[in-house]
file final11.cif (mmCIF, N, CA and C atoms)
data_start
#
loop_
_atom_site.group_PDB
_atom_site.id
_atom_site.type_symbol
_atom_site.label_atom_id
_atom_site.label_comp_id
_atom_site.auth_asym_id
_atom_site.auth_seq_id
_atom_site.Cartn_x
_atom_site.Cartn_y
_atom_site.Cartn_z
ATOM 1 N N MET A 1 147.360 22.705 27.455
ATOM 2 C CA MET A 1 146.621 21.466 27.647
ATOM 3 C C MET A 1 145.449 21.729 28.594
ATOM 4 N N ASP A 2 144.368 21.071 28.376
ATOM 5 C CA ASP A 2 143.160 21.227 29.192
ATOM 6 C C ASP A 2 143.409 20.728 30.609
ATOM 7 N N MET A 3 142.945 21.504 31.610
ATOM 8 C CA MET A 3 143.140 21.121 33.007
ATOM 9 C C MET A 3 142.513 19.782 33.340
ATOM 10 N N LEU A 4 141.411 19.444 32.675
ATOM 11 C CA LEU A 4 140.757 18.171 32.959
ATOM 12 C C LEU A 4 141.655 17.001 32.590
ATOM 13 N N LEU A 5 142.489 17.179 31.589
ATOM 14 C CA LEU A 5 143.361 16.106 31.154
ATOM 15 C C LEU A 5 144.622 16.021 32.005
ATOM 16 N N THR A 6 145.103 17.130 32.510
ATOM 17 C CA THR A 6 146.343 17.128 33.273
ATOM 18 C C THR A 6 146.119 16.874 34.754
ATOM 19 N N GLY A 7 144.896 17.053 35.231
ATOM 20 C CA GLY A 7 144.619 16.858 36.649
ATOM 21 C C GLY A 7 144.988 18.062 37.499
ATOM 22 N N GLU A 8 145.435 19.154 36.879
ATOM 23 C CA GLU A 8 145.773 20.359 37.625
ATOM 24 C C GLU A 8 144.515 20.999 38.197
ATOM 25 N N GLN A 9 144.665 21.654 39.325
ATOM 26 C CA GLN A 9 143.556 22.392 39.905
ATOM 27 C C GLN A 9 143.450 23.744 39.200
ATOM 28 N N PRO A 10 142.244 24.187 38.922
ATOM 29 C CA PRO A 10 142.096 25.477 38.243
ATOM 30 C C PRO A 10 142.470 26.631 39.174
ATOM 31 N N MET A 11 142.853 27.739 38.570
ATOM 32 C CA MET A 11 143.162 28.920 39.383
ATOM 33 C C MET A 11 141.887 29.616 39.846
ATOM 34 N N TRP A 12 140.766 29.229 39.272
ATOM 35 C CA TRP A 12 139.484 29.851 39.591
ATOM 36 C C TRP A 12 138.829 29.137 40.757
ATOM 37 N N ASN A 13 137.978 29.870 41.469
ATOM 38 C CA ASN A 13 137.226 29.261 42.554
ATOM 39 C C ASN A 13 135.804 29.830 42.579
ATOM 40 N N PHE A 14 135.201 29.901 41.416
ATOM 41 C CA PHE A 14 133.830 30.387 41.281
ATOM 42 C C PHE A 14 132.874 29.514 42.089
ATOM 43 N N GLU A 15 133.195 28.239 42.194
ATOM 44 C CA GLU A 15 132.362 27.302 42.952
ATOM 45 C C GLU A 15 132.157 27.768 44.391
ATOM 46 N N GLN A 16 133.132 28.445 44.961
ATOM 47 C CA GLN A 16 133.059 28.871 46.359
ATOM 48 C C GLN A 16 132.494 30.281 46.549
ATOM 49 N N GLU A 17 132.202 30.960 45.461
ATOM 50 C CA GLU A 17 131.592 32.294 45.570
ATOM 51 C C GLU A 17 130.208 32.166 46.207
ATOM 52 N N PRO A 18 129.726 33.232 46.855
ATOM 53 C CA PRO A 18 128.383 33.166 47.483
ATOM 54 C C PRO A 18 127.283 32.837 46.469
ATOM 55 N N TYR A 19 126.307 32.109 46.935
ATOM 56 C CA TYR A 19 125.118 31.754 46.150
ATOM 57 C C TYR A 19 123.960 32.573 46.731
ATOM 58 N N PRO A 20 123.578 33.656 46.077
ATOM 59 C CA PRO A 20 122.553 34.542 46.640
ATOM 60 C C PRO A 20 121.227 33.842 46.954
ATOM 61 N N ASP A 21 120.868 32.843 46.164
ATOM 62 C CA ASP A 21 119.584 32.162 46.350
ATOM 63 C C ASP A 21 119.746 30.765 46.934
ATOM 64 N N GLY A 22 120.888 30.493 47.530
ATOM 65 C CA GLY A 22 121.150 29.146 48.010
ATOM 66 C C GLY A 22 121.609 28.273 46.859
ATOM 67 N N ALA A 23 122.038 27.065 47.172
ATOM 68 C CA ALA A 23 122.562 26.194 46.127
ATOM 69 C C ALA A 23 122.208 24.743 46.404
ATOM 70 N N ASP A 24 121.917 24.041 45.327
ATOM 71 C CA ASP A 24 121.772 22.598 45.433
ATOM 72 C C ASP A 24 123.015 21.965 44.793
ATOM 73 N N GLU A 25 123.044 20.657 44.778
ATOM 74 C CA GLU A 25 124.198 19.935 44.244
ATOM 75 C C GLU A 25 124.476 20.318 42.788
ATOM 76 N N THR A 26 123.437 20.517 42.010
ATOM 77 C CA THR A 26 123.594 20.873 40.600
ATOM 78 C C THR A 26 124.223 22.252 40.453
ATOM 79 N N ASP A 27 123.806 23.211 41.270
ATOM 80 C CA ASP A 27 124.405 24.553 41.220
ATOM 81 C C ASP A 27 125.909 24.485 41.473
ATOM 82 N N VAL A 28 126.289 23.736 42.484
ATOM 83 C CA VAL A 28 127.709 23.595 42.837
ATOM 84 C C VAL A 28 128.465 22.903 41.706
ATOM 85 N N ASN A 29 127.906 21.831 41.158
ATOM 86 C CA ASN A 29 128.562 21.103 40.074
ATOM 87 C C ASN A 29 128.715 21.951 38.819
ATOM 88 N N LEU A 30 127.716 22.770 38.517
ATOM 89 C CA LEU A 30 127.811 23.634 37.338
ATOM 90 C C LEU A 30 128.922 24.661 37.516
ATOM 91 N N ARG A 31 129.019 25.247 38.686
ATOM 92 C CA ARG A 31 130.109 26.202 38.933
ATOM 93 C C ARG A 31 131.466 25.511 38.859
ATOM 94 N N ALA A 32 131.571 24.307 39.398
ATOM 95 C CA ALA A 32 132.833 23.557 39.320
ATOM 96 C C ALA A 32 133.166 23.237 37.857
ATOM 97 N N TYR A 33 132.148 22.926 37.056
ATOM 98 C CA TYR A 33 132.329 22.674 35.629
ATOM 99 C C TYR A 33 132.960 23.893 34.962
ATOM 100 N N PHE A 34 132.441 25.064 35.278
ATOM 101 C CA PHE A 34 132.995 26.284 34.688
ATOM 102 C C PHE A 34 134.391 26.596 35.228
ATOM 103 N N ASP A 35 134.659 26.299 36.497
ATOM 104 C CA ASP A 35 136.007 26.512 37.040
ATOM 105 C C ASP A 35 137.044 25.728 36.243
ATOM 106 N N ARG A 36 136.673 24.584 35.752
ATOM 107 C CA ARG A 36 137.607 23.730 35.014
ATOM 108 C C ARG A 36 137.657 24.036 33.513
ATOM 109 N N MET A 37 136.782 24.907 33.044
ATOM 110 C CA MET A 37 136.788 25.252 31.618
ATOM 111 C C MET A 37 137.965 26.193 31.351
ATOM 112 N N ALA A 38 138.710 25.893 30.309
ATOM 113 C CA ALA A 38 139.862 26.721 29.941
ATOM 114 C C ALA A 38 139.424 28.167 29.695
ATOM 115 N N ASP A 39 140.238 29.088 30.155
ATOM 116 C CA ASP A 39 139.928 30.508 29.992
ATOM 117 C C ASP A 39 139.808 30.877 28.519
ATOM 118 N N GLU A 40 140.674 30.338 27.700
ATOM 119 C CA GLU A 40 140.630 30.642 26.270
ATOM 120 C C GLU A 40 139.287 30.244 25.677
ATOM 121 N N LYS A 41 138.794 29.096 26.080
ATOM 122 C CA LYS A 41 137.488 28.645 25.587
ATOM 123 C C LYS A 41 136.389 29.560 26.108
ATOM 124 N N MET A 42 136.414 29.834 27.403
ATOM 125 C CA MET A 42 135.359 30.647 27.997
ATOM 126 C C MET A 42 135.297 32.026 27.347
ATOM 127 N N LEU A 43 136.444 32.586 27.027
ATOM 128 C CA LEU A 43 136.474 33.911 26.406
ATOM 129 C C LEU A 43 135.924 33.893 24.978
ATOM 130 N N GLY A 44 135.716 32.700 24.418
ATOM 131 C CA GLY A 44 135.109 32.569 23.099
ATOM 132 C C GLY A 44 133.594 32.640 23.123
ATOM 133 N N TYR A 45 133.014 32.666 24.314
ATOM 134 C CA TYR A 45 131.557 32.779 24.445
ATOM 135 C C TYR A 45 131.119 34.204 24.159
ATOM 136 N N HIS A 46 130.001 34.335 23.447
ATOM 137 C CA HIS A 46 129.405 35.644 23.178
ATOM 138 C C HIS A 46 127.924 35.574 23.518
ATOM 139 N N PRO A 47 127.415 36.540 24.292
ATOM 140 C CA PRO A 47 126.002 36.520 24.691
ATOM 141 C C PRO A 47 125.019 36.509 23.529
ATOM 142 N N ASP A 48 125.453 36.978 22.359
ATOM 143 C CA ASP A 48 124.536 37.011 21.219
ATOM 144 C C ASP A 48 124.479 35.682 20.461
ATOM 145 N N MET A 49 125.192 34.667 20.930
ATOM 146 C CA MET A 49 125.104 33.337 20.319
ATOM 147 C C MET A 49 123.687 32.795 20.503
ATOM 148 N N SER A 50 123.215 32.060 19.511
ATOM 149 C CA SER A 50 121.926 31.385 19.665
ATOM 150 C C SER A 50 122.111 30.222 20.641
ATOM 151 N N ASP A 51 121.000 29.688 21.126
ATOM 152 C CA ASP A 51 121.087 28.527 22.010
ATOM 153 C C ASP A 51 121.805 27.374 21.317
ATOM 154 N N ASP A 52 121.506 27.141 20.060
ATOM 155 C CA ASP A 52 122.169 26.066 19.321
ATOM 156 C C ASP A 52 123.671 26.305 19.215
ATOM 157 N N GLU A 53 124.068 27.552 19.016
ATOM 158 C CA GLU A 53 125.498 27.875 18.947
ATOM 159 C C GLU A 53 126.174 27.648 20.294
ATOM 160 N N VAL A 54 125.490 27.964 21.384
ATOM 161 C CA VAL A 54 126.049 27.729 22.716
ATOM 162 C C VAL A 54 126.243 26.235 22.939
ATOM 163 N N VAL A 55 125.250 25.452 22.589
ATOM 164 C CA VAL A 55 125.324 23.998 22.734
ATOM 165 C C VAL A 55 126.501 23.450 21.928
ATOM 166 N N GLU A 56 126.653 23.910 20.699
ATOM 167 C CA GLU A 56 127.756 23.461 19.850
ATOM 168 C C GLU A 56 129.096 23.945 20.401
ATOM 169 N N TRP A 57 129.158 25.200 20.841
ATOM 170 C CA TRP A 57 130.386 25.779 21.381
ATOM 171 C C TRP A 57 130.873 24.993 22.593
ATOM 172 N N ASP A 58 129.957 24.642 23.492
ATOM 173 C CA ASP A 58 130.359 23.894 24.679
ATOM 174 C C ASP A 58 130.732 22.459 24.315
ATOM 175 N N GLY A 59 129.911 21.809 23.503
ATOM 176 C CA GLY A 59 130.204 20.456 23.067
ATOM 177 C C GLY A 59 129.902 19.365 24.079
ATOM 178 N N ASN A 60 129.228 19.712 25.173
ATOM 179 C CA ASN A 60 128.964 18.725 26.226
ATOM 180 C C ASN A 60 127.478 18.644 26.568
ATOM 181 N N PHE A 61 126.631 18.966 25.608
ATOM 182 C CA PHE A 61 125.192 18.857 25.812
ATOM 183 C C PHE A 61 124.703 17.544 25.218
ATOM 184 N N LYS A 62 123.714 16.967 25.860
ATOM 185 C CA LYS A 62 123.118 15.713 25.384
ATOM 186 C C LYS A 62 122.085 16.014 24.298
ATOM 187 N N ASP A 63 121.641 14.963 23.633
ATOM 188 C CA ASP A 63 120.639 15.108 22.566
ATOM 189 C C ASP A 63 119.331 15.707 23.065
ATOM 190 N N ASP A 64 119.024 15.532 24.359
ATOM 191 C CA ASP A 64 117.774 16.081 24.903
ATOM 192 C C ASP A 64 117.874 17.570 25.218
ATOM 193 N N GLY A 65 119.051 18.171 24.981
ATOM 194 C CA GLY A 65 119.222 19.608 25.184
ATOM 195 C C GLY A 65 119.738 20.013 26.542
ATOM 196 N N SER A 66 120.063 19.058 27.406
ATOM 197 C CA SER A 66 120.595 19.399 28.722
ATOM 198 C C SER A 66 122.098 19.111 28.768
ATOM 199 N N LEU A 67 122.777 19.816 29.645
ATOM 200 C CA LEU A 67 124.215 19.661 29.809
ATOM 201 C C LEU A 67 124.529 18.303 30.428
ATOM 202 N N MET A 68 125.560 17.647 29.928
ATOM 203 C CA MET A 68 126.002 16.393 30.507
ATOM 204 C C MET A 68 126.840 16.752 31.740
ATOM 205 N N LEU A 69 126.224 16.636 32.895
ATOM 206 C CA LEU A 69 126.844 17.030 34.155
ATOM 207 C C LEU A 69 126.602 15.886 35.137
ATOM 208 N N ILE A 70 127.656 15.175 35.477
ATOM 209 C CA ILE A 70 127.493 13.994 36.323
ATOM 210 C C ILE A 70 127.228 14.381 37.778
ATOM 211 N N CYS A 71 126.651 13.457 38.501
ATOM 212 C CA CYS A 71 126.365 13.599 39.936
ATOM 213 C C CYS A 71 125.521 14.835 40.238
ATOM 214 N N SER A 72 124.521 15.069 39.441
ATOM 215 C CA SER A 72 123.657 16.223 39.645
ATOM 216 C C SER A 72 122.224 15.779 39.880
ATOM 217 N N GLU A 73 121.504 16.578 40.662
ATOM 218 C CA GLU A 73 120.127 16.266 41.029
ATOM 219 C C GLU A 73 119.136 16.539 39.910
ATOM 220 N N ARG A 74 119.476 17.488 39.043
ATOM 221 C CA ARG A 74 118.530 17.923 38.021
ATOM 222 C C ARG A 74 119.270 18.259 36.736
ATOM 223 N N GLU A 75 118.518 18.435 35.691
ATOM 224 C CA GLU A 75 119.067 18.777 34.374
ATOM 225 C C GLU A 75 119.402 20.266 34.316
ATOM 226 N N VAL A 76 120.451 20.616 33.604
ATOM 227 C CA VAL A 76 120.806 22.009 33.347
ATOM 228 C C VAL A 76 120.525 22.289 31.882
ATOM 229 N N GLU A 77 119.550 23.147 31.647
ATOM 230 C CA GLU A 77 119.180 23.549 30.292
ATOM 231 C C GLU A 77 119.995 24.779 29.902
ATOM 232 N N VAL A 78 119.957 25.130 28.633
ATOM 233 C CA VAL A 78 120.811 26.190 28.111
ATOM 234 C C VAL A 78 120.538 27.549 28.759
ATOM 235 N N ASP A 79 119.303 27.850 29.157
ATOM 236 C CA ASP A 79 119.039 29.154 29.780
ATOM 237 C C ASP A 79 119.747 29.277 31.125
ATOM 238 N N GLU A 80 119.704 28.231 31.960
ATOM 239 C CA GLU A 80 120.434 28.258 33.230
ATOM 240 C C GLU A 80 121.943 28.265 32.972
ATOM 241 N N TYR A 81 122.379 27.475 32.008
ATOM 242 C CA TYR A 81 123.790 27.413 31.636
ATOM 243 C C TYR A 81 124.312 28.811 31.307
ATOM 244 N N ARG A 82 123.572 29.535 30.456
ATOM 245 C CA ARG A 82 123.977 30.892 30.064
ATOM 246 C C ARG A 82 124.035 31.837 31.268
ATOM 247 N N ARG A 83 123.007 31.773 32.112
ATOM 248 C CA ARG A 83 122.946 32.661 33.272
ATOM 249 C C ARG A 83 124.158 32.457 34.177
ATOM 250 N N VAL A 84 124.486 31.210 34.462
ATOM 251 C CA VAL A 84 125.613 30.917 35.348
ATOM 252 C C VAL A 84 126.941 31.188 34.647
ATOM 253 N N LEU A 85 127.019 30.889 33.365
ATOM 254 C CA LEU A 85 128.235 31.183 32.604
ATOM 255 C C LEU A 85 128.542 32.676 32.635
ATOM 256 N N GLU A 86 127.531 33.500 32.468
ATOM 257 C CA GLU A 86 127.758 34.945 32.471
ATOM 258 C C GLU A 86 128.171 35.442 33.855
ATOM 259 N N LEU A 87 127.645 34.829 34.911
ATOM 260 C CA LEU A 87 128.123 35.144 36.269
ATOM 261 C C LEU A 87 129.583 34.730 36.433
ATOM 262 N N CYS A 88 129.933 33.586 35.871
ATOM 263 C CA CYS A 88 131.306 33.103 35.946
ATOM 264 C C CYS A 88 132.252 34.026 35.179
ATOM 265 N N LEU A 89 131.834 34.483 34.022
ATOM 266 C CA LEU A 89 132.660 35.420 33.254
ATOM 267 C C LEU A 89 132.888 36.711 34.038
ATOM 268 N N ALA A 90 131.866 37.219 34.700
ATOM 269 C CA ALA A 90 132.007 38.420 35.525
ATOM 270 C C ALA A 90 132.969 38.150 36.687
ATOM 271 N N TYR A 91 132.853 36.978 37.303
ATOM 272 C CA TYR A 91 133.762 36.582 38.386
ATOM 273 C C TYR A 91 135.205 36.566 37.876
ATOM 274 N N ARG A 92 135.442 35.927 36.731
ATOM 275 C CA ARG A 92 136.811 35.848 36.204
ATOM 276 C C ARG A 92 137.356 37.230 35.865
ATOM 277 N N SER A 93 136.527 38.094 35.333
ATOM 278 C CA SER A 93 136.975 39.465 35.042
ATOM 279 C C SER A 93 137.385 40.181 36.322
ATOM 280 N N ARG A 94 136.614 39.982 37.373
ATOM 281 C CA ARG A 94 136.928 40.602 38.661
ATOM 282 C C ARG A 94 138.230 40.038 39.232
ATOM 283 N N VAL A 95 138.424 38.741 39.150
ATOM 284 C CA VAL A 95 139.637 38.097 39.683
ATOM 285 C C VAL A 95 140.861 38.517 38.865
ATOM 286 N N ARG A 96 140.688 38.658 37.566
ATOM 287 C CA ARG A 96 141.774 39.051 36.678
ATOM 288 C C ARG A 96 142.176 40.508 36.833
ATOM 289 N N ALA A 97 141.243 41.342 37.294
ATOM 290 C CA ALA A 97 141.485 42.792 37.363
ATOM 291 C C ALA A 97 142.688 43.083 38.257
ATOM 292 N N PRO A 98 143.543 43.995 37.821
ATOM 293 C CA PRO A 98 144.690 44.342 38.661
ATOM 294 C C PRO A 98 144.236 44.998 39.958
ATOM 295 N N ARG A 99 144.879 44.644 41.000
ATOM 296 C CA ARG A 99 144.549 45.179 42.326
ATOM 297 C C ARG A 99 145.306 46.496 42.546
ATOM 298 N N ALA A 100 144.603 47.472 43.096
ATOM 299 C CA ALA A 100 145.230 48.779 43.345
ATOM 300 C C ALA A 100 145.927 48.782 44.686
#
call {"tool": "encode", "arguments": {"input": "final11.cif", "output": "structure tokens"}}
result
Amino acid sequence: MDMLLTGEQPMWNFEQEPYPDGADETDVNLRAYFDRMADEKMLGYHPDMSDDEVVEWDGNFKDDGSLMLICSEREVEVDEYRRVLELCLAYRSRVRAPRA
């Protein structure tokens, strides 16, 4: 079941990872959005998807092409979405990696 529906806290904490260029409210909200995305869904993302395929895959983009992200200062377009998603995927791979 999706974490958003059950109210469970995600095991991920990408939202709290360092922000090399600083962060505004939208940056934090986007990372929190990805923290709550099911791992199975996230692993279905492929960098070679077209922008339209990414929008369809996520299913939460508005008709104007921006992500539906509440309580945010600015719009998140697909290029920023992809950049942060790929950082999140790298974060999850690192967290998942077995510790020596």
call {"tool": "select_by_dssp", "arguments": {"input": "final11.cif", "residues": "chain A", "states": "alpha helix (DSSP H)", "output": "ChimeraX atom specification"}}
result
/A:3-6,25-35,39-42,51-58,78-96
call {"tool": "atom_distance", "arguments": {"input": "final11.cif", "atom1": "atom CA of Pro20 of chain A", "atom2": "atom CA of Trp57 of chain A"}}
result
27.9 Å
call {"tool": "closest_residue", "arguments": {"input": "final11.cif", "among": "A:Leu87, A:Cys71, A:Ala38, A:Val95", "to": "Glu25 of chain A", "atoms": "only N, CA and C atoms"}}
result
A:Cys71
call {"tool": "resolve_selection", "arguments": {"input": "final11.cif", "expression": "the PyMOL selection byres ((chain A and resi 34) around 8)", "output": "ChimeraX atom specification"}}
result
/A:12-15,28-33,35-38,84-85,88
call {"tool": "closest_residue", "arguments": {"input": "final11.cif", "among": "A:Ser50, A:Arg74, A:Asn60, A:Ser66", "to": "Asp24 of chain A", "atoms": "only C-alpha atoms"}}
result
A:Arg74
call {"tool": "atom_distance", "arguments": {"input": "final11.cif", "atom1": "atom CA of Val76 of chain A", "atom2": "atom CA of Pro18 of chain A"}}
result
19.5 Å
call {"tool": "resolve_selection", "arguments": {"input": "final11.cif", "expression": "the PyMOL selection byres (((chain A and resi 44-46 and name CA) around 12) and name CA)", "output": "list in words"}}
result
Met37, Ala38, Asp39, Glu40, Lys41, Met42, Leu43, Pro47, Asp48, Met49, Ser50, Asp51, Glu53, Val54, Val55, Glu56, Trp57, Asp58, Tyr81, Arg82, Leu85, Glu86, Cys88 and Leu89 of chain A
call {"tool": "atom_distance", "arguments": {"input": "final11.cif", "atom1": "atom N of Asp79 of chain A", "atom2": "atom C of Ser93 of chain A"}}
result
23.0 Å
call {"tool": "select_by_dssp", "arguments": {"input": "final11.cif", "residues": "chain A", "states": "strand (DSSP E or B)", "output": "ChimeraX atom specification"}}
result
/A:61,66-67,77
call {"tool": "closest_residue", "arguments": {"input": "final11.cif", "among": "A:Thr26, A:Arg94, A:Asp21, A:Gln16", "to": "Ile70 of chain A", "atoms": "only C-alpha atoms"}}
result
A:Thr26
call {"tool": "residues_around", "arguments": {"input": "final11.cif", "residues": "Glu75 of chain A", "least_positions_apart": "3", "cutoff": "8 Å", "atoms": "all atoms listed in the file", "output": "PyMOL selection string"}}
result
chain A and resi 26+65-69+72+78
